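Enquirer: The following file, my_file32.pdb, comprises PDB, C-alpha atoms:
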```pdb
ATOM      1  CA  MET A   1      -4.025  -5.197  14.801
ATOM      2  CA  ASN A   2      -4.668  -1.894  16.599
ATOM      3  CA  PRO A   3      -7.513  -0.875  18.944
ATOM      4  CA  GLY A   4      -9.217   1.350  16.385
ATOM      5  CA  PRO A   5     -13.007   1.187  16.048
ATOM      6  CA  ALA A   6     -14.650  -1.118  13.527
ATOM      7  CA  GLY A   7     -14.500   0.302  10.034
ATOM      8  CA  TRP A   8     -11.946   2.978  10.900
ATOM      9  CA  GLY A   9      -9.813   2.209   7.837
ATOM     10  CA  ARG A  10     -12.456   2.502   5.130
ATOM     11  CA  GLU A  11     -11.554   6.089   4.253
ATOM     12  CA  LEU A  12      -7.831   5.316   4.269
ATOM     13  CA  TYR A  13      -8.295   2.182   2.150
ATOM     14  CA  GLY A  14     -10.388   4.164  -0.304
ATOM     15  CA  ARG A  15      -7.675   6.794  -0.646
ATOM     16  CA  VAL A  16      -5.067   4.083  -1.177
ATOM     17  CA  LEU A  17      -7.096   2.491  -3.952
ATOM     18  CA  ASP A  18      -7.740   5.902  -5.524
ATOM     19  CA  ALA A  19      -3.982   6.507  -5.582
ATOM     20  CA  LEU A  20      -3.418   3.284  -7.534
ATOM     21  CA  GLY A  21      -5.495   4.444 -10.459
ATOM     22  CA  THR A  22      -6.589   1.779 -12.945
ATOM     23  CA  VAL A  23      -5.171  -1.685 -12.181
ATOM     24  CA  THR A  24      -5.030  -4.017 -15.199
ATOM     25  CA  GLY A  25      -2.963  -6.895 -16.503
ATOM     26  CA  GLY A  26      -2.618  -8.756 -13.232
ATOM     27  CA  PRO A  27      -3.561  -8.803  -9.562
ATOM     28  CA  LEU A  28      -3.220  -6.169  -6.895
ATOM     29  CA  LEU A  29      -0.973  -7.520  -4.131
ATOM     30  CA  ASP A  30      -2.007  -6.307  -0.662
ATOM     31  CA  VAL A  31       0.902  -6.887   1.723
ATOM     32  CA  GLY A  32      -0.216  -7.229   5.340
ATOM     33  CA  CYS A  33      -3.799  -7.692   4.175
ATOM     34  CA  GLY A  34      -5.146  -8.442   7.657
ATOM     35  CA  ALA A  35      -8.800  -9.439   7.672
ATOM     36  CA  GLY A  36      -9.178  -8.363   4.046
ATOM     37  CA  GLU A  37     -10.977  -5.017   4.252
ATOM     38  CA  LEU A  38      -8.874  -3.362   1.538
ATOM     39  CA  CYS A  39      -9.067  -6.503  -0.608
ATOM     40  CA  ARG A  40     -12.854  -6.437  -0.300
ATOM     41  CA  LEU A  41     -13.036  -2.834  -1.447
ATOM     42  CA  ALA A  42     -10.674  -3.601  -4.334
ATOM     43  CA  VAL A  43     -12.749  -6.565  -5.530
ATOM     44  CA  ASP A  44     -15.870  -4.409  -5.325
ATOM     45  CA  ARG A  45     -14.094  -2.008  -7.703
ATOM     46  CA  GLY A  46     -13.460  -4.839 -10.146
ATOM     47  CA  ILE A  47      -9.795  -5.382  -9.245
ATOM     48  CA  SER A  48      -8.269  -8.875  -9.034
ATOM     49  CA  VAL A  49      -6.529  -9.253  -5.663
ATOM     50  CA  ARG A  50      -3.946 -11.348  -3.876
ATOM     51  CA  GLY A  51      -3.372 -10.862  -0.145
ATOM     52  CA  VAL A  52      -0.400 -11.770   2.049
ATOM     53  CA  ASP A  53      -0.330 -11.809   5.838
ATOM     54  CA  ALA A  54       1.700 -13.531   8.541
ATOM     55  CA  SER A  55      -1.280 -14.440  10.738
ATOM     56  CA  PRO A  56      -3.276 -17.599   9.935
ATOM     57  CA  ASP A  57      -6.182 -16.278  12.014
ATOM     58  CA  VAL A  58      -6.607 -13.057  10.061
ATOM     59  CA  LEU A  59      -6.124 -14.895   6.768
ATOM     60  CA  ALA A  60      -9.041 -17.109   7.749
ATOM     61  CA  SER A  61     -11.116 -13.992   8.369
ATOM     62  CA  ALA A  62     -10.000 -12.555   5.033
ATOM     63  CA  ALA A  63     -11.016 -15.769   3.254
ATOM     64  CA  ARG A  64     -14.536 -15.388   4.623
ATOM     65  CA  LEU A  65     -14.746 -11.700   3.701
ATOM     66  CA  VAL A  66     -13.119 -11.987   0.265
ATOM     67  CA  PRO A  67     -13.594 -15.496  -1.126
ATOM     68  CA  GLU A  68     -12.548 -14.162  -4.543
ATOM     69  CA  ALA A  69      -9.019 -13.356  -3.330
ATOM     70  CA  GLU A  70      -5.928 -15.558  -3.446
ATOM     71  CA  LEU A  71      -4.502 -15.473   0.080
ATOM     72  CA  LEU A  72      -0.954 -16.433   1.044
ATOM     73  CA  ALA A  73       0.912 -16.741   4.349
ATOM     74  CA  GLY A  74       4.043 -14.614   4.430
ATOM     75  CA  ALA A  75       5.650 -11.418   5.657
ATOM     76  CA  LEU A  76       8.146  -8.749   4.713
ATOM     77  CA  PRO A  77      10.930  -8.790   3.711
ATOM     78  CA  ALA A  78      10.455 -12.231   2.096
ATOM     79  CA  LEU A  79       7.109 -12.433   0.306
ATOM     80  CA  PRO A  80       6.002 -15.765  -1.235
ATOM     81  CA  VAL A  81       5.377 -14.057  -4.576
ATOM     82  CA  PRO A  82       7.358 -14.226  -7.846
ATOM     83  CA  ASP A  83       9.343 -11.284  -9.160
ATOM     84  CA  ARG A  84       7.369  -8.714 -11.155
ATOM     85  CA  SER A  85       4.068 -10.559 -10.701
ATOM     86  CA  ALA A  86       1.863  -7.765  -9.272
ATOM     87  CA  ALA A  87       0.135  -5.134 -11.375
ATOM     88  CA  ALA A  88      -0.038  -2.951  -8.246
ATOM     89  CA  VAL A  89       1.102  -3.242  -4.625
ATOM     90  CA  THR A  90      -0.392  -1.872  -1.424
ATOM     91  CA  CYS A  91       1.084  -2.001   2.068
ATOM     92  CA  VAL A  92      -1.077  -0.344   4.721
ATOM     93  CA  GLN A  93       0.294   0.326   8.221
ATOM     94  CA  VAL A  94       3.050  -2.305   8.054
ATOM     95  CA  LEU A  95       6.319  -0.427   7.530
ATOM     96  CA  MET A  96       6.424   0.913  11.119
ATOM     97  CA  HIS A  97       6.582  -2.664  12.409
ATOM     98  CA  VAL A  98       9.499  -4.022  10.358
ATOM     99  CA  PRO A  99      13.129  -3.730  11.500
ATOM    100  CA  ASN A 100      14.378  -2.528   8.102
ATOM    101  CA  PRO A 101      11.903  -0.362   6.149
ATOM    102  CA  VAL A 102      14.271  -0.050   3.173
ATOM    103  CA  ALA A 103      14.493  -3.841   2.837
ATOM    104  CA  ALA A 104      10.692  -4.022   3.082
ATOM    105  CA  LEU A 105      10.221  -1.367   0.389
ATOM    106  CA  ARG A 106      12.802  -3.107  -1.784
ATOM    107  CA  GLU A 107      10.719  -6.274  -1.528
ATOM    108  CA  LEU A 108       7.620  -4.352  -2.612
ATOM    109  CA  ALA A 109       9.604  -3.138  -5.620
ATOM    110  CA  ARG A 110      10.719  -6.695  -6.423
ATOM    111  CA  VAL A 111       7.212  -8.116  -6.690
ATOM    112  CA  ALA A 112       5.800  -5.179  -8.675
ATOM    113  CA  ARG A 113       5.843  -5.118 -12.437
ATOM    114  CA  PRO A 114       7.976  -2.351 -13.990
ATOM    115  CA  GLY A 115       6.009   0.866 -13.828
ATOM    116  CA  ALA A 116       3.380  -0.576 -11.463
ATOM    117  CA  PRO A 117       2.040   1.687  -8.694
ATOM    118  CA  VAL A 118       3.189   0.962  -5.151
ATOM    119  CA  VAL A 119       1.252   2.624  -2.320
ATOM    120  CA  ALA A 120       2.225   2.336   1.349
ATOM    121  CA  THR A 121       0.971   4.096   4.476
ATOM    122  CA  VAL A 122       2.387   4.953   7.897
ATOM    123  CA  TRP A 123       1.232   6.970  10.884
ATOM    124  CA  GLY A 124       1.659  10.720  10.535
ATOM    125  CA  PRO A 125       3.667  12.857  12.987
ATOM    126  CA  VAL A 126       3.061  11.929  16.589
ATOM    127  CA  GLU A 127       1.587  15.348  17.375
ATOM    128  CA  GLN A 128      -1.064  14.721  14.699
ATOM    129  CA  CYS A 129      -2.075  11.264  15.952
ATOM    130  CA  ALA A 130      -4.274  11.135  19.024
ATOM    131  CA  PHE A 131      -4.041   7.334  18.752
ATOM    132  CA  GLY A 132      -0.704   7.701  20.571
ATOM    133  CA  ALA A 133      -2.703   8.226  23.758
ATOM    134  CA  PHE A 134      -3.272   4.455  23.835
ATOM    135  CA  GLY A 135       0.487   3.890  23.795
ATOM    136  CA  ARG A 136       1.116   6.382  26.577
ATOM    137  CA  ALA A 137      -1.628   4.833  28.707
ATOM    138  CA  LEU A 138      -0.367   1.274  28.156
ATOM    139  CA  ALA A 139       3.343   2.068  28.466
ATOM    140  CA  PRO A 140       3.530   1.231  32.215
ATOM    141  CA  PHE A 141       2.265  -2.283  31.446
ATOM    142  CA  LEU A 142       4.149  -2.880  28.193
ATOM    143  CA  GLY A 143       7.452  -1.298  29.197
ATOM    144  CA  GLY A 144       7.323   1.329  26.460
ATOM    145  CA  PRO A 145       5.092   2.998  23.856
ATOM    146  CA  LEU A 146       3.309   1.145  21.081
ATOM    147  CA  PRO A 147       5.519   0.380  18.060
ATOM    148  CA  GLY A 148       5.222   2.773  15.173
ATOM    149  CA  GLY A 149       4.266   5.674  17.402
ATOM    150  CA  GLY A 150       6.308   8.090  15.363
ATOM    151  CA  GLY A 151       8.936   9.210  17.824
ATOM    152  CA  ARG A 152      12.699   8.865  17.794
ATOM    153  CA  GLY A 153      13.964   6.722  20.631
ATOM    154  CA  ASN A 154      17.396   6.267  22.197
ATOM    155  CA  GLY A 155      19.211   7.979  19.360
ATOM    156  CA  GLY A 156      17.603   5.715  16.736
ATOM    157  CA  PRO A 157      16.591   6.752  13.241
ATOM    158  CA  PRO A 158      14.004   9.486  12.771
ATOM    159  CA  PRO A 159      10.376   8.372  12.404
ATOM    160  CA  LEU A 160       9.040   7.438   8.992
ATOM    161  CA  SER A 161       6.771  10.488   9.259
ATOM    162  CA  ALA A 162       9.733  12.900   9.446
ATOM    163  CA  PRO A 163       9.701  15.410   6.556
ATOM    164  CA  GLY A 164      10.935  13.757   3.368
ATOM    165  CA  ARG A 165      11.955  10.512   5.046
ATOM    166  CA  LEU A 166       9.387   8.157   3.535
ATOM    167  CA  ALA A 167      10.130   9.347  -0.004
ATOM    168  CA  LYS A 168      13.870   9.091   0.644
ATOM    169  CA  LEU A 169      13.615   5.490   1.848
ATOM    170  CA  ALA A 170      11.474   4.616  -1.169
ATOM    171  CA  GLY A 171      14.209   5.984  -3.425
ATOM    172  CA  LEU A 172      16.874   3.957  -1.629
ATOM    173  CA  ALA A 173      14.715   0.872  -2.254
ATOM    174  CA  GLY A 174      14.592   1.494  -5.992
ATOM    175  CA  LEU A 175      11.110   3.012  -6.128
ATOM    176  CA  VAL A 176      10.266   6.298  -7.788
ATOM    177  CA  ALA A 177       8.328   8.291  -5.197
ATOM    178  CA  ALA A 178       5.703  10.482  -6.849
ATOM    179  CA  ARG A 179       4.264  12.092  -3.707
ATOM    180  CA  VAL A 180       3.367  11.656  -0.042
ATOM    181  CA  GLU A 181      -0.190  12.627   0.906
ATOM    182  CA  ASP A 182      -1.756  13.250   4.306
ATOM    183  CA  VAL A 183      -5.069  11.556   5.086
ATOM    184  CA  ARG A 184      -7.128  12.410   8.145
ATOM    185  CA  CYS A 185      -8.991   9.461   9.713
ATOM    186  CA  PRO A 186     -10.678  10.038  13.062
ATOM    187  CA  PHE A 187     -11.297   7.135  15.395
ATOM    188  CA  ASP A 188     -14.859   7.534  16.741
ATOM    189  CA  TYR A 189     -16.155   5.419  19.627
ATOM    190  CA  PRO A 190     -19.801   5.868  20.668
ATOM    191  CA  ASP A 191     -19.087   5.154  24.322
ATOM    192  CA  GLU A 192     -16.633   3.783  26.882
ATOM    193  CA  ARG A 193     -17.744   0.206  26.234
ATOM    194  CA  ALA A 194     -16.820   0.474  22.539
ATOM    195  CA  LEU A 195     -13.473   2.069  23.367
ATOM    196  CA  LEU A 196     -12.505  -0.749  25.715
ATOM    197  CA  ALA A 197     -13.929  -3.503  23.502
ATOM    198  CA  GLY A 198     -11.619  -2.412  20.675
ATOM    199  CA  LEU A 199      -8.668  -2.383  23.024
ATOM    200  CA  TYR A 200      -9.360  -5.812  24.527
ATOM    201  CA  ALA A 201      -9.835  -7.316  21.061
ATOM    202  CA  ALA A 202      -6.425  -6.063  19.902
ATOM    203  CA  GLU A 203      -3.267  -8.059  20.525
ATOM    204  CA  VAL A 204      -1.660  -5.114  22.315
ATOM    205  CA  GLY A 205      -4.627  -4.841  24.675
ATOM    206  CA  ARG A 206      -4.604  -8.551  25.449
ATOM    207  CA  ARG A 207      -0.881  -8.343  26.174
ATOM    208  CA  ALA A 208      -1.350  -5.371  28.508
ATOM    209  CA  VAL A 209      -4.092  -7.214  30.438
ATOM    210  CA  ALA A 210      -1.926 -10.338  30.707
ATOM    211  CA  LEU A 211       1.000  -8.342  32.071
ATOM    212  CA  ALA A 212      -1.230  -6.382  34.461
ATOM    213  CA  GLY A 213      -2.888  -9.570  35.682
ATOM    214  CA  ALA A 214      -6.407  -8.169  35.266
ATOM    215  CA  ARG A 215      -8.461  -5.813  33.129
ATOM    216  CA  ALA A 216      -9.219  -3.326  35.906
ATOM    217  CA  PRO A 217      -5.840  -1.533  36.020
ATOM    218  CA  VAL A 218      -5.675  -1.383  32.222
ATOM    219  CA  ARG A 219      -9.195   0.037  32.063
ATOM    220  CA  LYS A 220      -8.370   2.665  34.668
ATOM    221  CA  ALA A 221      -5.170   3.732  32.897
ATOM    222  CA  VAL A 222      -6.780   3.914  29.453
ATOM    223  CA  LEU A 223      -9.825   5.893  30.579
ATOM    224  CA  ALA A 224      -7.576   8.354  32.430
ATOM    225  CA  GLY A 225      -5.202   8.641  29.489
ATOM    226  CA  LEU A 226      -7.979   9.262  26.974
ATOM    227  CA  ALA A 227     -10.165  11.508  29.138
ATOM    228  CA  GLU A 228      -9.280  14.598  27.094
ATOM    229  CA  TYR A 229     -10.763  12.974  23.968
ATOM    230  CA  ARG A 230     -14.166  12.332  25.519
ATOM    231  CA  THR A 231     -17.017  14.082  23.729
ATOM    232  CA  ALA A 232     -20.050  15.820  25.195
ATOM    233  CA  SER A 233     -22.186  12.816  24.221
ATOM    234  CA  GLY A 234     -19.998  10.420  26.244
ATOM    235  CA  GLY A 235     -18.127   8.971  23.274
ATOM    236  CA  TYR A 236     -14.504   9.408  22.262
ATOM    237  CA  ARG A 237     -13.014  11.015  19.159
ATOM    238  CA  LEU A 238      -9.316  10.590  18.329
ATOM    239  CA  GLU A 239      -8.123  12.620  15.333
ATOM    240  CA  ASN A 240      -5.311  10.955  13.394
ATOM    241  CA  THR A 241      -3.195  11.689  10.346
ATOM    242  CA  PHE A 242      -1.777   8.991   8.070
ATOM    243  CA  GLN A 243       0.897   9.492   5.428
ATOM    244  CA  VAL A 244       0.334   7.799   2.068
ATOM    245  CA  LEU A 245       3.382   7.155  -0.111
ATOM    246  CA  VAL A 246       2.498   6.940  -3.799
ATOM    247  CA  ALA A 247       5.396   5.479  -5.784
ATOM    248  CA  GLN A 248       6.189   3.507  -8.910
ATOM    249  CA  ALA A 249       8.302   0.413  -9.428
TER     250      ALA A 249
END
```
Show how you would write the structure in this file as structure tokens.
Expert:
Amino acid sequence: MNPGPAGWGRELYGRVLDALGTVTGGPLLDVGCGAGELCRLAVDRGISVRGVDASPDVLASAARLVPEAELLAGALPALPVPDRSAAAVTCVQVLMHVPNPVAALRELARVARPGAPVVATVWGPVEQCAFGAFGRALAPFLGGPLPGGGGRGNGGPPPLSAPGRLAKLAGLAGLVAARVEDVRCPFDYPDERALLAGLYAAEVGRRAVALAGARAPVRKAVLAGLAEYRTASGGYRLENTFQVLVAQA
């Protein structure tokens, strides 16, 4: 869970579902379904859905939001789903958080029916994601930037957003990558209270407060770190780019 504002992902989820095209002959499998926002949009489009997530708490939220969905506890790279059982697969903002993205993509290929669409998203280049300001502000408390921030660290592999990398990894996993699209999704907060409420509700914010010993130093660091994104009306606007991999099993 990230400290984005409520409803931030609706545009991204819509683009992901558009990329799938028509889904027939079985369920859509949403890997890392979270509280079920994408599943809800899919059901509203007439698509049968199955969601998988590692967190019992968010699965409970998803069950309330999407009672029509089949929800399962599990995580990459070992999904509790039979081979070739999904008519389509989505995986939104998960690949940055797994130790082996190729193994994760290979698992997405395993559960998809032959020829089924597989759509996954990651953060875009760090210079195109103002969200990284949260990571820079929280780094003194967390001992480093937020995971999935897009940068190369300590000689490690290049970020998933590096030119051609996401499509290359999909190919190594046995997927046929059709294209990688950029989607712009701004994070808009009406005021300081909303900005901080999103942060404190997120696991990363709670961890920063616990390590700092109080909210005050975290609040001070975040407001200083995000000052450049404050609007004339007193709100905050963080422009972000996401990359959407559209592939086929």
Enquirer: Looking at A:Pro125, A:Glu181, A:Ser233, A:Arg219, which one is nearest to Gly198 in chain A, with distances taken over all atoms listed in the file?
Expert: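 Among the listed residues, A:Arg219 lies closest to Gly198 in chain A.
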Enquirer: Distance table requested - range 103-167 of chain A against range 22-46 of chain A, cut-off 10 Å, all atoms listed in the file: one row per qualifying residue with the closest atom pair and its distance in Å to one decimal, ordered by chain and rising residue number, as a tab-separated table.
Expert:
```
residue	atom	partner	partner_atom	distance
A:Leu108	CA	A:Val31	CA	8.4
A:Val111	CA	A:Leu29	CA	8.6
A:Ala112	CA	A:Leu29	CA	8.5
A:Arg113	CA	A:Gly26	CA	9.2
A:Ala116	CA	A:Val23	CA	8.7
A:Pro117	CA	A:Val23	CA	8.7
A:Val118	CA	A:Leu29	CA	9.5
A:Val119	CA	A:Asp30	CA	9.7
A:Ala120	CA	A:Val31	CA	9.3
```
Enquirer: Mind pulling up the distance from CA of Tyr236 in chain A to CA of Asp188 in chain A?
Expert: 5.8 Å
Enquirer: Considering all atoms listed in the file, give me a table of residues in range 50-121 of chain A that are at most 12 Å from range 2-13 of chain A, with the closest atom pair and distance in Å for each, as a tab-separated table.
Expert:
```
residue	atom	partner	partner_atom	distance
A:Thr90	CA	A:Tyr13	CA	9.6
A:Cys91	CA	A:Tyr13	CA	10.3
A:Val92	CA	A:Tyr13	CA	8.1
A:Gln93	CA	A:Asn2	CA	10.0
A:Val94	CA	A:Asn2	CA	11.5
A:Val119	CA	A:Tyr13	CA	10.6
A:Ala120	CA	A:Tyr13	CA	10.6
A:Thr121	CA	A:Leu12	CA	8.9
```
Enquirer: Excluding Leu79 in chain A and any residue of its chain fewer than 3 positions from it, enumerate the residues within 9 Å of it, using only C-alpha atoms, and give them as an NGL selection string.
Expert: :A and (31 or 52 or 73-76 or 82 or 107-108 or 111)
Enquirer: Using only C-alpha atoms, which residue out of A:Val49, A:Pro56, A:Tyr200, A:Pro158 lies closest to Ser85 in chain A?
Expert: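 The closest residue to Ser85 in chain A is A:Val49.
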Enquirer: With distances taken over all atoms listed in the file, which of A:Ala103, A:Val89, A:Ala216, A:Ala249 is nearest to Gly174 in chain A?
Expert: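 Ranked by minimum distance to Gly174 in chain A, first place goes to A:Ala249.
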Enquirer: Measuring between only C-alpha atoms, which one of A:Gln248, A:Ser48, A:Thr231, A:Ser161 shows the shortest distance to Glu68 in chain A?
Expert: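 Nearest to Glu68 in chain A: A:Ser48.
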Enquirer: Record the distance separating CA of Pro190 in chain A and CA of Arg230 in chain A, expressed in Å with one decimal.
Expert: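 Atom-to-atom, CA of Pro190 in chain A to CA of Arg230 in chain A, that is 9.9 Å.
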Enquirer: Would you mind reading off the distance between CA of Leu138 in chain A and CA of Gln243 in chain A, one decimal, in Å?
Expert: 24.2 Å
Enquirer: With distances taken over all atoms listed in the file, which of A:Val244, A:Val126, A:Ala137, A:Ala232 is nearest to Pro217 in chain A?
Expert: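 Closest to Pro217 in chain A, using all atoms listed in the file: A:Ala137.
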Enquirer: Determine the residue membership of the PyMOL selection byres ((chain A and resi 95-102) around 7) for the file above and supply it as a list in words.
Expert: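 Taken over the shown coordinates, the PyMOL selection byres ((chain A and resi 95-102) around 7) returns Gln93, Val94, Ala103, Ala104, Leu105, Arg106, Val122, Pro147, Gly148, Leu169, Ala170, Leu172 and Ala173 of chain A.
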Enquirer: Take every atom of range 16-33 of chain A listed in the file, pad by 4 Å on each side, and give me the axis-aligned box centre and edge lengths in Å, one decimal, as JSON.
Expert:
```
{"center_x": -3.4, "center_y": -1.1, "center_z": -5.6, "size_x": 16.6, "size_y": 23.3, "size_z": 29.8}
```
Enquirer: Let me make sure I understand: among A:Ala69, A:Leu245, A:Ala19, A:Ala224, which one has the smallest atom-to-atom distance to Arg136 in chain A if we use all atoms listed in the file?
Expert: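 Of A:Ala69, A:Leu245, A:Ala19, A:Ala224, the one nearest Arg136 in chain A is A:Ala224, counting all atoms listed in the file.
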